[in-house]
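Raw contents of final16.txt, compact mmCIF, C-alpha atoms:
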# COMPACT_ATOMS: atom_id res chain seq x y z
CA MET A 1 26.69 -0.01 -11.73
CA LEU A 2 24.34 0.27 -8.76
CA LYS A 3 20.72 -0.71 -9.19
CA PHE A 4 17.91 0.77 -7.22
CA CYS A 5 14.20 1.26 -7.30
CA ILE A 6 11.73 3.78 -6.07
CA GLY A 7 8.42 2.95 -4.47
CA LEU A 8 5.66 5.37 -5.21
CA CYS A 9 2.50 5.27 -3.19
CA LEU A 10 -0.65 6.82 -4.46
CA PHE A 11 -3.27 7.60 -1.90
CA LEU A 12 -6.57 7.57 -3.68
CA CYS A 13 -10.06 7.88 -2.24
CA VAL A 14 -11.71 7.36 -5.59
CA GLN A 15 -10.53 4.80 -8.08
CA ASN A 16 -10.76 5.46 -11.82
CA ASP A 17 -13.00 2.64 -13.07
CA ASN A 18 -11.10 2.55 -16.36
CA GLU A 19 -7.79 1.79 -14.71
CA PRO A 20 -7.10 -1.86 -13.92
CA VAL A 21 -5.85 -2.64 -10.43
CA ILE A 22 -4.42 -5.63 -8.64
CA SER A 23 -5.86 -6.12 -5.18
CA TRP A 24 -3.42 -7.32 -2.54
CA SER A 25 -3.63 -11.03 -1.81
CA ALA A 26 -1.42 -13.24 0.35
CA SER A 27 -1.49 -15.85 -2.43
CA TYR A 28 -0.36 -13.52 -5.22
CA LYS A 29 3.08 -12.02 -5.65
CA LEU A 30 3.83 -9.32 -8.19
CA SER A 31 5.75 -10.22 -11.33
CA TRP A 32 7.42 -7.92 -13.80
CA ASN A 33 4.49 -8.61 -16.15
CA ASP A 34 2.31 -6.60 -13.74
CA PHE A 35 4.34 -3.43 -14.38
CA LYS A 36 2.69 -1.92 -17.47
CA GLY A 37 3.82 1.71 -17.29
CA LYS A 38 6.41 3.28 -19.56
CA PRO A 39 9.82 3.46 -17.83
CA ARG A 40 11.13 6.92 -17.09
CA GLN A 41 14.51 7.04 -18.77
CA ASN A 42 15.47 10.41 -17.26
CA VAL A 43 15.76 8.93 -13.74
CA SER A 44 18.24 6.46 -12.33
CA ALA A 45 15.52 4.32 -10.73
CA VAL A 46 15.11 0.79 -12.06
CA ALA A 47 11.45 0.42 -11.06
CA THR A 48 8.51 2.20 -9.50
CA THR A 49 5.58 0.65 -7.71
CA ALA A 50 2.34 2.60 -7.63
CA SER A 51 0.14 1.34 -4.84
CA GLY A 52 -2.39 2.86 -2.52
CA ILE A 53 -5.37 2.47 -0.29
CA THR A 54 -8.83 3.01 -1.69
CA PHE A 55 -11.52 3.82 0.83
CA GLY A 56 -15.25 4.33 0.82
CA PHE A 57 -18.01 4.41 3.39
CA SER A 58 -21.75 4.55 3.74
CA ILE A 59 -23.64 6.07 6.66
CA ARG A 60 -27.22 5.07 7.49
CA GLN A 61 -29.43 7.56 9.27
CA SER A 62 -32.86 7.28 10.83
CA GLY A 63 -34.80 10.18 12.25
CA GLY A 64 -31.81 12.48 11.72
CA ARG A 65 -29.54 10.24 13.78
CA VAL A 66 -26.65 8.14 12.51
CA VAL A 67 -27.54 4.52 13.25
CA SER A 68 -24.79 2.62 11.44
CA PHE A 69 -21.96 2.84 8.96
CA THR A 70 -20.09 0.49 6.66
CA THR A 71 -16.68 0.87 5.06
CA GLU A 72 -14.55 -0.65 2.34
CA VAL A 73 -10.77 -0.49 2.47
CA HIS A 74 -8.57 -1.99 -0.24
CA ALA A 75 -4.84 -2.15 -0.91
CA HIS A 76 -4.29 -1.82 -4.65
CA PHE A 77 -1.41 -1.96 -7.09
CA TYR A 78 -1.75 0.18 -10.22
CA PRO A 79 -0.12 -1.59 -13.20
CA LYS A 80 -0.34 1.31 -15.67
CA GLN A 81 1.44 3.63 -13.23
CA SER A 82 4.09 1.07 -12.25
CA TRP A 83 7.13 0.51 -14.42
CA TYR A 84 10.56 -1.06 -14.64
CA LYS A 85 13.63 -0.98 -16.87
CA VAL A 86 13.90 -4.44 -18.37
CA GLU A 87 17.66 -4.29 -18.89
CA ARG A 88 18.38 -3.53 -15.23
CA ALA A 89 15.62 -5.31 -13.31
CA ASP A 90 16.19 -8.48 -11.31
CA ASN A 91 14.45 -10.60 -8.67
CA HIS A 92 16.00 -8.65 -5.80
CA ILE A 93 14.46 -5.42 -7.04
CA LEU A 94 11.14 -7.18 -7.67
CA GLY A 95 11.21 -8.28 -4.02
CA HIS A 96 11.79 -4.68 -2.99
CA GLU A 97 8.80 -3.59 -5.07
CA GLN A 98 6.62 -6.37 -3.62
CA LEU A 99 7.43 -5.13 -0.13
CA HIS A 100 6.17 -1.66 -1.06
CA PHE A 101 2.84 -3.31 -1.94
CA ASP A 102 2.96 -5.34 1.31
CA ILE A 103 3.50 -2.11 3.28
CA THR A 104 0.38 -0.74 1.62
CA GLU A 105 -1.54 -3.84 2.75
CA LEU A 106 -0.16 -3.42 6.28
CA HIS A 107 -1.64 0.06 6.42
CA ALA A 108 -4.95 -1.13 4.96
CA ARG A 109 -5.06 -3.58 7.89
CA LYS A 110 -4.21 -0.86 10.39
CA PHE A 111 -6.96 1.27 8.88
CA ARG A 112 -9.54 -1.55 9.17
CA MET A 113 -8.48 -2.18 12.78
CA ARG A 114 -8.88 1.47 13.72
CA ILE A 115 -12.24 1.65 11.94
CA SER A 116 -13.40 -1.36 13.98
CA GLN A 117 -12.74 0.64 17.14
CA LEU A 118 -14.95 3.57 16.13
CA GLU A 119 -18.39 4.00 17.60
CA VAL A 120 -21.47 5.20 15.75
CA SER A 121 -21.95 8.94 16.28
CA HIS A 122 -23.02 12.02 14.38
CA HIS A 123 -19.28 12.75 13.94
CA ILE A 124 -18.50 9.46 12.17
CA LYS A 125 -17.98 10.98 8.72
CA ARG A 126 -15.41 13.42 10.08
CA GLU A 127 -13.74 10.66 12.11
CA LEU A 128 -13.50 8.34 9.10
CA ASN A 129 -12.05 11.05 6.87
CA SER A 130 -9.58 12.09 9.55
CA LEU A 131 -8.52 8.49 10.08
CA HIS A 132 -8.05 8.08 6.32
CA ARG A 133 -5.76 11.12 6.16
CA THR A 134 -3.80 9.88 9.18
CA ILE A 135 -3.29 6.38 7.80
CA ASN A 136 -2.10 7.78 4.46
CA LYS A 137 0.45 9.98 6.24
CA GLU A 138 1.69 6.98 8.21
CA LEU A 139 1.87 4.89 5.04
CA ALA A 140 3.88 7.54 3.20
CA ALA A 141 6.26 7.90 6.15
CA LEU A 142 6.90 4.14 6.37
CA GLN A 143 7.39 3.84 2.59
CA ASP A 144 9.95 6.65 2.74
CA ARG A 145 11.68 5.09 5.75
CA TYR A 146 11.81 1.73 3.98
CA ASP A 147 13.47 3.24 0.92
CA ALA A 148 15.89 5.28 3.04
CA GLU A 149 16.97 2.37 5.24
CA THR A 150 17.35 -0.05 2.33
CA ASP A 151 18.89 2.65 0.12
CA TYR A 152 16.27 1.81 -2.51
CA SER A 153 17.12 -1.91 -2.34
CA ARG A 154 20.91 -1.52 -2.46
CA GLN A 155 21.40 -2.48 1.21
CA VAL A 156 20.72 -6.21 1.03
CA GLU A 157 20.90 -6.87 4.79
CA ALA A 158 18.53 -3.98 5.51
CA GLN A 159 16.19 -5.34 2.85
CA LEU A 160 16.12 -8.71 4.60
CA ARG A 161 15.43 -7.06 7.98
CA TRP A 162 12.52 -5.14 6.43
CA GLN A 163 11.07 -8.31 4.88
CA LEU A 164 11.03 -9.99 8.29
CA TYR A 165 9.62 -6.90 10.00
CA ILE A 166 6.75 -6.46 7.53
CA LYS A 167 5.96 -10.18 7.61
CA LYS A 168 5.64 -10.04 11.43
CA GLU A 169 3.56 -6.87 11.33
CA LEU A 170 1.20 -8.39 8.76
CA GLN A 171 0.84 -11.49 10.94
CA LYS A 172 -0.08 -9.35 13.97
CA LEU A 173 -2.96 -7.87 11.99
CA ASP A 174 -3.98 -11.05 10.17
CA LYS A 175 -7.53 -10.60 11.46
CA TYR A 176 -7.81 -7.48 9.27
CA LYS A 177 -6.24 -8.83 6.07
CA SER A 178 -7.64 -8.08 2.66
CA GLU A 179 -10.20 -10.60 1.51
CA THR A 180 -9.62 -12.21 -1.85
CA LYS A 181 -12.56 -12.33 -4.19
Represent the structure of the file as structure tokens.
Amino acid sequence: MLKFCIGLCLFLCVQNDNEPVISWSASYKLSWNDFKGKPRQNVSAVATTASGITFGFSIRQSGGRVVSFTTEVHAHFYPKQSWYKVERADNHILGHEQLHFDITELHARKFRMRISQLEVSHHIKRELNSLHRTINKELAALQDRYDAETDYSRQVEAQLRWQLYIKKELQKLDKYKSETK
């Protein structure tokens, strides 16, 4: 019997305060205990990771002119929306799911880097929102490509190549990593 998983990315601008989240951290790796959702028995997937980028900003104006802006970008894992089938899950699949979360962090870093290149202007709100939409499209595309190339974790060699690739990409953007609280 073949095992596979599906990574699901949620792209949320506003987080539900009642829903617990796990913020990405280099020192924390997901465990099956983090997956709190009810498994979907009508699908052949073994696990689903729900992760996404939350984003907010504040713009300061003076005399009708934009004078500064601040942003917050976070990579989150959503335990209640993530699930696995206990009888079929293993460490290989957990590694596949962790990489979905790492890909979310990679795009949070890319987002922070691109934000750092923006200049204050009266168009900043539009630019930030446009950048947010763009990064979410890129994130979804890479998550889909990852699942396709690894055949949802079934292609072990492809999985290893992706682990190395994402590790290198995260290192390139280490300056923009998520801060642990």
Could the residues of region 102-160 of chain A that have an atom at most 12 Å from region 25-40 of chain A be listed as CSV, each with its closest atom pair and the distance in Å to one decimal, counting all atoms listed in the file and ordered by chain and ascending residue number?
residue,atom,partner,partner_atom,distance
A:Asp102,CA,A:Ala26,CA,9.1
A:Thr104,CA,A:Ser25,CA,11.6
A:Glu105,CA,A:Ser25,CA,8.8
A:Leu106,CA,A:Ala26,CA,11.5
Problem - Residue with smallest distance to Leu142 (chain A) - pool A:Ile59, A:Ile166, A:Ala50, A:Ile22, counting only C-alpha atoms - result: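 Of A:Ile59, A:Ile166, A:Ala50, A:Ile22, the one nearest Leu142 (chain A) is A:Ile166, counting only C-alpha atoms.
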Problem - Computed interatomic separation between CA of Met113 (chain A) and CA of Leu170 (chain A) (Å) - result: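 One can read the CA of Met113 (chain A) to CA of Leu170 (chain A) distance as 12.2 Å.
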Practice task
Considering only C-alpha atoms, state which residue in the set A:Phe111, A:Gln159, A:Phe57, A:Lys125 is at the smallest distance from Leu173 (chain A).
Solution key: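 Using only C-alpha atoms, the shortest distance to Leu173 (chain A) belongs to A:Phe111.
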Closest pair table for region 111-142 of chain A residues within 12 Å of region 94-101 of chain A, all atoms listed in the file, as CSV:
residue,atom,partner,partner_atom,distance
A:Leu139,CA,A:His100,CA,9.9
A:Ala140,CA,A:His100,CA,10.4
A:Ala141,CA,A:His100,CA,12.0
A:Leu142,CA,A:His100,CA,9.5
Exercise for the section: Kindly indicate which residue among A:Leu128, A:Val120, A:Ala89, A:Ala75 lies nearest to Gln61 (chain A), using all atoms listed in the file for the distances. Expected result: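 Residue with the minimum atom-to-atom distance to Gln61 (chain A): A:Val120.
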Fill in the blank from the handout: Counting all atoms listed in the file, closest pick from A:Asp147, A:Asp90, A:Asp174, A:Glu138 relative to Val46 (chain A) is A:Asp90
